[in-house]
Number of protein chains: 2
Amino acid sequence: MSTVEQQLDDLEEQITSELPADISVSSVKYEGPELVVYTRDPKKFAQKGDLIRQLASKLRKRITVRPDPSVLSRPETAREEIMNVIPEEAGVTDLDFHADTGEVVIEAQKPGMVIGRHGSTLRDITKNVGWTPEVVRTPPIESSTVSNVRNFLKQERDERRDVLERVGRQIHREEMSDDEYVRITTLGCCREVGRASFILSTPETRILIDCGDKPGAEGEVPYLHAPEALGAGPQTIDAVVLTHAHLDHSALIPLLFKYGYDGPIYCTEPTRDLMGLLTLDYLDVATKEGRTPPYESEMVREAIKHCIPLEYGDVTDIAPDVKLTFHNAGHILGSAVSHFHIGDGLYNVAFSGDIHYDDTRLFNGATNDFPRVETLVLESTYGGRNDYQTDQEESEEHLKEVINEVAERDGKVLIPAFAVGRSQEIMLVLEKAMREGEIPRMPVHLDGMIWEATAIHTTYPEYLRDDLRDRIFHDDENPFLADEFNHIDGGEEERQDVADGDSCIILSTSGMVTGGPIMSWLSHLGPDPDSSLVFVGYQAQGTLGRRIQNGWDEIPTSEVGAMGDSNGRGTLSLNMEVETVDGFSGHADREGLMNFVDTMNPRPEKVLCVHGDERSTQDLSSALYHDYNMRTFAPKNLETFRFL
Amino acid sequence: MSTVEQQLDDLEEQITSELPADISVSSVKYEGPELVVYTRDPKKFAQKGDLIRQLASKLRKRITVRPDPSVLSRPETAREEIMNVIPEEAGVTDLDFHADTGEVVIEAQKPGMVIGRHGSTLRDITKNVGWTPEVVRTPPIESSTVSNVRNFLKQERDERRDVLERVGRQIHREEMSDDEYVRITTLGCCREVGRASFILSTPETRILIDCGDKPGAEGEVPYLHAPEALGAGPQTIDAVVLTHAHLDHSALIPLLFKYGYDGPIYCTEPTRDLMGLLTLDYLDVATKEGRTPPYESEMVREAIKHCIPLEYGDVTDIAPDVKLTFHNAGHILGSAVSHFHIGDGLYNVAFSGDIHYDDTRLFNGATNDFPRVETLVLESTYGGRNDYQTDQEESEEHLKEVINEVAERDGKVLIPAFAVGRSQEIMLVLEKAMREGEIPRMPVHLDGMIWEATAIHTTYPEYLRDDLRDRIFHDDENPFLADEFNHIDGGEEERQDVADGDSCIILSTSGMVTGGPIMSWLSHLGPDPDSSLVFVGYQAQGTLGRRIQNGWDEIPTSEVGAMGDSNGRGTLSLNMEVETVDGFSGHADREGLMNFVDTMNPRPEKVLCVHGDERSTQDLSSALYHDYNMRTFAPKNLETFRFL
């Protein structure tokens, strides 16, 4: 008998002995990090409210209880009873019964009302019908991404369970080594921004953290082929952790599956959906630009199938010797500071991913409170000694001024923005400014993937800032549903109409002017001196956005996809004003980074400064050393640090 | 056509055009790092004395000229003519003709007389017979190792040529990467002494440097299984470099072949022979102690077959982007500071291996003069702040005192010594002291492999200290042939006789009292208070030698292999005096290590302090940083440092 089999037998015995005599256990299984307990008495189980929590704390495992298929009521009967239990205001839009696991997925406009106070309504459902309910939110704005992901996972349910069972057995395998070490290997984003990728390794376990591309630097991908990365085969990686969905962290996650990786990806639920959206777009852009995409869309689906979503604060076994906990990072929807607890008290490492320290309109500031952290891997995008950013309040004033000036001269405001994060932040600023009369009410056109990304935000309000979430939850005043917001879904024709029309604001991707509809907007509005191009986000080296910021005003037509001469050559004269409004970055500035470390409790012993150019990482590294007397490093790519 | 084929064609064309019209080239081939030129006119080639040197400098390659097999004279005829050319005093002991390559190997007691002034006699041989002569020394003391290695290589000549051709093509392959980096990965001997092993890697090339065991710590082997080591397969290693033959550097070299490695091992000729001797003994000891040896003796032969011997100072291409040069390290016979020149001016790394900075009786002090070195990997055995050793002169006085005292009380002096290096150093001290009347003439018994190791030393006098070499070469007064030295080849019976006899000195392996005949000597002499046990070398943590040094005087009989009670239990009381005579170490002490760096020209920018316990490496690292303002490190095992 394998050791996992033995373990499960022991667990079944232990659970049986812990449960009242009238509650039977028909089997126990691992599914990913969870222990699933099947019972022939689901209703009795649900009646004892605290039983699951008690078991979980006793066994130190995440536990799910499901009815044994033999005792399930018929879905038709169950459906009626369930709808009787759930209040009508919950707005149930779908019920989906899975007889193989006894689960019923309830999609509702107000999941909170399906759950009930402390889960009371959920328990009532089980008490009445025996089925185990799972609740998801009906997106308030229709999101094709969310519905595609959900439909796909429904369709792949069987295979996904196989994946989860396999992963579960991997996680709970016996530890083999009596060696002890903790190492971090840098595969990218060291002394540079882009291609984030690390390996965290112990004698038992190798975890890949992020796997992104480098914007504006085609071909510079993480060093996956290095012997210490995938050189010995993708099966040498036990788990992948994705801190957030931006492409410089996620773009090459699907590539891992092309290489044969077949293990789990841990991320938050919004990160999973946004990764789907962004990587499919990444393939699309590559094809449009005549490049060969590094993988096919099938691989994005593989990645999604292997995602194991975790919520902030869930302490999760992801290997025999590693527990992972995600915490809010304040950077984009679902972004997570990833905390690894290694070897039952041996060592703790936190990867900041990208963080924003202060609260923004969209998100709470990053969490920096952990039980223990010995080593912190810290982003350093704005870690340079002078990388102080304007306060957001001032930035908002500045943006409103720019908009008012442009409106006065009947121009248009064109804002290149990342679909995910900055766009929604700016939308909140604009909605408030119009609602409070600080800028004229005018259409705000959302082009590229911004609309879709916004829909995903409204699907996961739990991940938004407290007061914003409350507004959406309780007051039914979802600011993203304001009338001014218009989804550009009519292509070039609609753009031409907007360009020919009255004052307005346009938010369009890509955020660094490296492709996408912003190119079209540039060719429409570029020659208009009454309009303004307003940068609100970081423009990386080598991008057109950076070059325009640096003063380029003659852009080869080939770059914007506009008509040139008969040979397609020519230039576009940029006559519109070019403005940069700092302060809306999703990244902590120098002060925010220092504060993040300063207020950590306990402070880490060591900090690796990554995800910033050479100067930023070195400046931040030496500042942290001087101010807090920690051991700090500004690693290069392809180094390995050992901490024990 | 492969690029190597194309390259060889081009070279053939270029060589043909450089040569006088009457000298034909029938083919050119790579054999290991050498370019071999076959000609139908070997005699004419030999007549133009400088031709090969000119070609070599023009093509920047090491060139060997060989006769096309079609023009070879018959060996019987050639033999006579060769013997006519070589002076009788050369003492030729063997001629071995290889028709496939047109080489004749001449074994002689005085190789210098076969070579002649600036190689004139060798050229005369080719001028007369067409064959290409190669000269080796007849060991002045018969050495089974040397003769076994030579016979084995003769027998495996065909397969060895295949290996060399394959290696040659590997070395001269086209560079594939446009990335640039130089990295060192630590697989062992960091913050510890033992299991030396490193990987030096560039985007093109991965070189394994040393692969030793850890004395006194069974099971602690280099991290070969790490993904960045052999995790991605032994074929990911392009070359192995062996700095010297001590087991803590060489023991697991043959294991690489068991794992499937099939590439070259670069080392000096004495290192090759000593590795053969020591690894075969290592297997022997393991078997005797009831352990399963990690590989079979067949793998030692594989290792020897794949050795490519280099001489000190030879600059040798070992990869498209790496040139290796060995320099005298002063530590043991054939030990080499290994200098890597990477990427045609890009970067230079020197691995000290084990070094002795000052001259000893046996060797010149270590070379520290390189055209360029940016990073030095430095041994730190005695790097601790107080690790100063007695001057050798004082040590010799001390040793002589001890011997005189023991002689006065008619006792015996038992010296545990490494077979290789320290034994010969002590032999030279004893021979001189007796010759000069400073200690009484008495037998010096050599037990274990010391005799054989001494025979290997006398085979390679070029690797000994200048004046010692000259004595052996010119004056026919080889100190190792002194009458006092007696080879213990009569087993236990002879030992009993010696133990029962008069005052004498016994040098016996193992040097750290971890096995071998020293155990038998201990059980013979241990109870005798008139005798002395004299430590002259480093005793590692965990060895019996260290424990005796620390005061143990009751040794379980099981450890020395003596008779205990009827259950084999019991203890041996150690009544003999225990003395430690410092200063004969093969390692530089703290001052020597500091001097080695101090007098380097140019000084390296970075130093990695390895091969020392935690305190020694950290002390040395911080001293070098403070005194010379370099970046210094005391790495842990399993780290990777990137230098570019």
# chains A, B, ... in the order shown; residues from 1 in each chain; ligands from 1
call {"tool": "residues_around", "arguments": {"residues": "region 172-189 of chain B", "least_positions_apart": "2", "cutoff": "7 Å", "atoms": "only C-alpha atoms", "output": "number ranges by chain"}}
result
B: 3-4, 168-170, 191-204, 222-224, 319-320, 610-611, 637-644
call {"tool": "write_last_selection", "arguments": {"atoms": "C-alpha atoms", "output": "PDB file, in the first residue's frame"}}
result
ATOM      1  CA  THR B   3      30.389  23.239 -39.146  1.00  0.00           C
ATOM      2  CA  VAL B   4      33.311  21.284 -37.660  1.00  0.00           C
ATOM      3  CA  GLY B 168      37.823  17.526 -30.340  1.00  0.00           C
ATOM      4  CA  ARG B 169      34.651  18.132 -32.281  1.00  0.00           C
ATOM      5  CA  GLN B 170      32.854  19.213 -29.112  1.00  0.00           C
ATOM      6  CA  ARG B 191      31.855  26.049   4.845  1.00  0.00           C
ATOM      7  CA  GLU B 192      33.339  22.588   5.205  1.00  0.00           C
ATOM      8  CA  VAL B 193      36.429  20.657   4.181  1.00  0.00           C
ATOM      9  CA  GLY B 194      35.715  17.808   1.815  1.00  0.00           C
ATOM     10  CA  ARG B 195      33.583  16.915  -1.209  1.00  0.00           C
ATOM     11  CA  ALA B 196      35.079  19.646  -3.382  1.00  0.00           C
ATOM     12  CA  SER B 197      32.922  20.245  -6.433  1.00  0.00           C
ATOM     13  CA  PHE B 198      31.942  23.269  -8.499  1.00  0.00           C
ATOM     14  CA  ILE B 199      30.344  24.040 -11.802  1.00  0.00           C
ATOM     15  CA  LEU B 200      31.660  26.876 -13.902  1.00  0.00           C
ATOM     16  CA  SER B 201      29.079  27.752 -16.522  1.00  0.00           C
ATOM     17  CA  THR B 202      28.614  30.062 -19.464  1.00  0.00           C
ATOM     18  CA  PRO B 203      25.717  30.072 -21.941  1.00  0.00           C
ATOM     19  CA  GLU B 204      27.785  27.654 -24.065  1.00  0.00           C
ATOM     20  CA  PRO B 222      28.734  16.619  -3.630  1.00  0.00           C
ATOM     21  CA  TYR B 223      25.216  17.667  -4.631  1.00  0.00           C
ATOM     22  CA  LEU B 224      25.496  15.972  -8.024  1.00  0.00           C
ATOM     23  CA  ALA B 319      35.277  24.568 -25.134  1.00  0.00           C
ATOM     24  CA  PRO B 320      34.404  27.082 -27.834  1.00  0.00           C
ATOM     25  CA  VAL B 610      35.776  27.826   0.081  1.00  0.00           C
ATOM     26  CA  HIS B 611      37.261  24.562   1.361  1.00  0.00           C
ATOM     27  CA  ASN B 637      26.868  24.732  -0.813  1.00  0.00           C
ATOM     28  CA  LEU B 638      24.216  24.846  -3.521  1.00  0.00           C
ATOM     29  CA  GLU B 639      24.527  28.534  -4.298  1.00  0.00           C
ATOM     30  CA  THR B 640      25.083  30.069  -7.702  1.00  0.00           C
ATOM     31  CA  PHE B 641      27.055  33.285  -8.217  1.00  0.00           C
ATOM     32  CA  ARG B 642      26.869  35.201 -11.439  1.00  0.00           C
ATOM     33  CA  PHE B 643      29.782  37.430 -12.409  1.00  0.00           C
ATOM     34  CA  LEU B 644      28.668  39.029 -15.649  1.00  0.00           C
TER      35      LEU B 644
END
call {"tool": "residues_around", "arguments": {"residues": "Arg361 (chain B)", "least_positions_apart": "6", "cutoff": "8 Å", "atoms": "only C-alpha atoms", "output": "number ranges by chain"}}
result
B: 425, 428-429, 465, 468
call {"tool": "write_last_selection", "arguments": {"atoms": "all heavy atoms", "output": "JSON list (two decimals), in the first residue's frame"}}
result
[["chain", "number", "residue", "atom", "x", "y", "z"],
["B", 425, "GLU", "N", 57.37, 14.48, 1.54],
["B", 425, "GLU", "CA", 57.98, 15.63, 2.18],
["B", 425, "GLU", "C", 58.75, 15.16, 3.44],
["B", 425, "GLU", "O", 59.91, 15.52, 3.65],
["B", 425, "GLU", "CB", 56.88, 16.63, 2.58],
["B", 425, "GLU", "CG", 57.38, 17.91, 3.22],
["B", 425, "GLU", "CD", 57.99, 18.90, 2.23],
["B", 425, "GLU", "OE1", 57.74, 18.76, 1.02],
["B", 425, "GLU", "OE2", 58.74, 19.79, 2.66],
["B", 428, "LEU", "N", 61.90, 13.34, 2.58],
["B", 428, "LEU", "CA", 63.01, 14.23, 2.23],
["B", 428, "LEU", "C", 63.65, 14.81, 3.49],
["B", 428, "LEU", "O", 64.88, 14.94, 3.58],
["B", 428, "LEU", "CB", 62.53, 15.35, 1.31],
["B", 428, "LEU", "CG", 62.11, 14.92, -0.10],
["B", 428, "LEU", "CD1", 61.54, 16.10, -0.88],
["B", 428, "LEU", "CD2", 63.30, 14.31, -0.86],
["B", 429, "VAL", "N", 62.80, 15.17, 4.47],
["B", 429, "VAL", "CA", 63.34, 15.72, 5.71],
["B", 429, "VAL", "C", 64.20, 14.67, 6.42],
["B", 429, "VAL", "O", 65.31, 14.95, 6.88],
["B", 429, "VAL", "CB", 62.18, 16.18, 6.62],
["B", 429, "VAL", "CG1", 62.73, 16.59, 8.00],
["B", 429, "VAL", "CG2", 61.42, 17.33, 5.97],
["B", 465, "ARG", "N", 60.13, 20.32, -6.96],
["B", 465, "ARG", "CA", 60.82, 21.59, -6.76],
["B", 465, "ARG", "C", 62.09, 21.63, -7.61],
["B", 465, "ARG", "O", 62.80, 20.61, -7.75],
["B", 465, "ARG", "CB", 61.16, 21.73, -5.28],
["B", 465, "ARG", "CG", 61.95, 22.97, -4.96],
["B", 465, "ARG", "CD", 61.99, 23.19, -3.49],
["B", 465, "ARG", "NE", 63.09, 24.06, -3.13],
["B", 465, "ARG", "CZ", 63.23, 24.59, -1.93],
["B", 465, "ARG", "NH1", 62.35, 24.31, -0.97],
["B", 465, "ARG", "NH2", 64.24, 25.39, -1.67],
["B", 468, "LEU", "N", 65.31, 19.91, -6.38],
["B", 468, "LEU", "CA", 65.10, 18.47, -6.20],
["B", 468, "LEU", "C", 65.10, 17.79, -7.58],
["B", 468, "LEU", "O", 65.75, 16.75, -7.79],
["B", 468, "LEU", "CB", 63.77, 18.23, -5.47],
["B", 468, "LEU", "CG", 63.35, 16.78, -5.28],
["B", 468, "LEU", "CD1", 64.38, 15.99, -4.47],
["B", 468, "LEU", "CD2", 61.98, 16.71, -4.58]]
call {"tool": "atom_distance", "arguments": {"atom1": "CA of Val129 (chain B)", "atom2": "CA of Ala78 (chain B)"}}
result
5.7 Å
call {"tool": "select_by_dssp", "arguments": {"residues": "region 88-244 of chain A", "states": "helix (DSSP H, G or I)", "output": "short mmCIF file (atom, residue, chain, number, x, y, z; two decimals) with C-alpha atoms, in the first residue's frame"}}
result
data_model
loop_
_atom_site.label_atom_id
_atom_site.label_comp_id
_atom_site.auth_asym_id
_atom_site.auth_seq_id
_atom_site.Cartn_x
_atom_site.Cartn_y
_atom_site.Cartn_z
CA GLU A 88 -35.63 35.57 -3.85
CA GLU A 89 -33.55 38.78 -3.60
CA ALA A 90 -30.41 36.63 -3.92
CA PRO A 111 -23.90 35.32 -3.29
CA GLY A 112 -23.98 36.68 0.27
CA MET A 113 -27.67 35.96 0.50
CA VAL A 114 -27.11 32.40 -0.69
CA ILE A 115 -24.47 31.90 1.96
CA ARG A 117 -25.03 34.66 8.12
CA HIS A 118 -21.95 32.59 8.94
CA GLY A 119 -23.01 30.13 6.21
CA SER A 120 -26.41 29.38 7.74
CA THR A 121 -28.30 29.33 4.46
CA LEU A 122 -25.73 27.00 2.91
CA ARG A 123 -26.13 24.65 5.83
CA ASP A 124 -29.90 24.83 5.48
CA ILE A 125 -29.56 23.75 1.88
CA THR A 126 -27.58 20.67 2.84
CA LYS A 127 -29.88 19.91 5.74
CA ASN A 128 -32.82 19.91 3.34
CA VAL A 129 -31.42 18.29 0.21
CA SER A 144 -17.33 36.57 -21.57
CA THR A 145 -14.12 35.64 -19.75
CA VAL A 146 -15.88 34.65 -16.57
CA SER A 147 -18.57 32.71 -18.39
CA ASN A 148 -16.05 31.02 -20.69
CA VAL A 149 -13.89 29.97 -17.74
CA ARG A 150 -16.89 28.66 -15.82
CA ASN A 151 -18.27 26.75 -18.81
CA PHE A 152 -14.88 25.32 -19.61
CA LEU A 153 -14.33 24.12 -16.05
CA LYS A 154 -17.81 22.59 -16.05
CA GLN A 155 -17.03 20.75 -19.25
CA ARG A 157 -14.91 18.64 -14.58
CA ASP A 158 -13.90 14.99 -14.78
CA GLU A 159 -10.40 15.62 -15.98
CA ARG A 160 -10.02 18.38 -13.45
CA ARG A 161 -10.91 16.02 -10.65
CA ASP A 162 -8.21 13.66 -11.88
CA VAL A 163 -5.74 16.52 -11.81
CA LEU A 164 -6.83 17.47 -8.29
CA GLU A 165 -6.56 13.90 -7.03
CA ARG A 166 -3.08 13.55 -8.48
CA VAL A 167 -2.02 16.90 -7.02
CA GLY A 168 -3.53 15.92 -3.69
CA ARG A 169 -1.43 12.79 -3.55
CA GLN A 170 1.67 14.79 -4.51
CA ILE A 171 1.05 17.32 -1.76
CA PRO A 227 19.46 23.33 -15.76
CA GLU A 228 18.18 24.60 -12.43
CA ALA A 229 14.86 25.65 -14.00
CA LEU A 230 13.21 23.15 -16.34
CA GLY A 231 16.50 21.74 -17.62
CA PRO A 234 9.03 20.05 -16.19
CA GLN A 235 8.22 17.21 -13.80
CA THR A 236 10.94 18.58 -11.47
#
call {"tool": "select_by_dssp", "arguments": {"residues": "region 364-421 of chain A", "states": "strand (DSSP E)", "output": "number ranges by chain"}}
result
A: 375-379, 412-416
call {"tool": "residues_around", "arguments": {"residues": "Asp284 (chain B)", "least_positions_apart": "5", "cutoff": "9 Å", "atoms": "only C-alpha atoms", "output": "list in words"}}
result
Thr279, Glu289 and Pro293 of chain B
call {"tool": "write_last_selection", "arguments": {"atoms": "C-alpha atoms", "output": "compact mmCIF listing (two decimals), in the first residue's frame"}}
result
# COMPACT_ATOMS: atom_id res chain seq x y z
CA THR B 279 40.41 5.78 -6.20
CA GLU B 289 34.97 -1.92 5.71
CA PRO B 293 31.54 1.13 -3.05
call {"tool": "atom_distance", "arguments": {"atom1": "CA of Gly612 (chain A)", "atom2": "CA of Met600 (chain A)"}}
result
21.0 Å
call {"tool": "atom_distance", "arguments": {"atom1": "CA of Ile506 (chain A)", "atom2": "CA of Leu414 (chain A)"}}
result
4.9 Å
call {"tool": "closest_residue", "arguments": {"among": "A:Thr381, A:Ser27, A:Thr205, A:Asn84", "to": "chain B", "atoms": "only C-alpha atoms"}}
result
A:Thr205
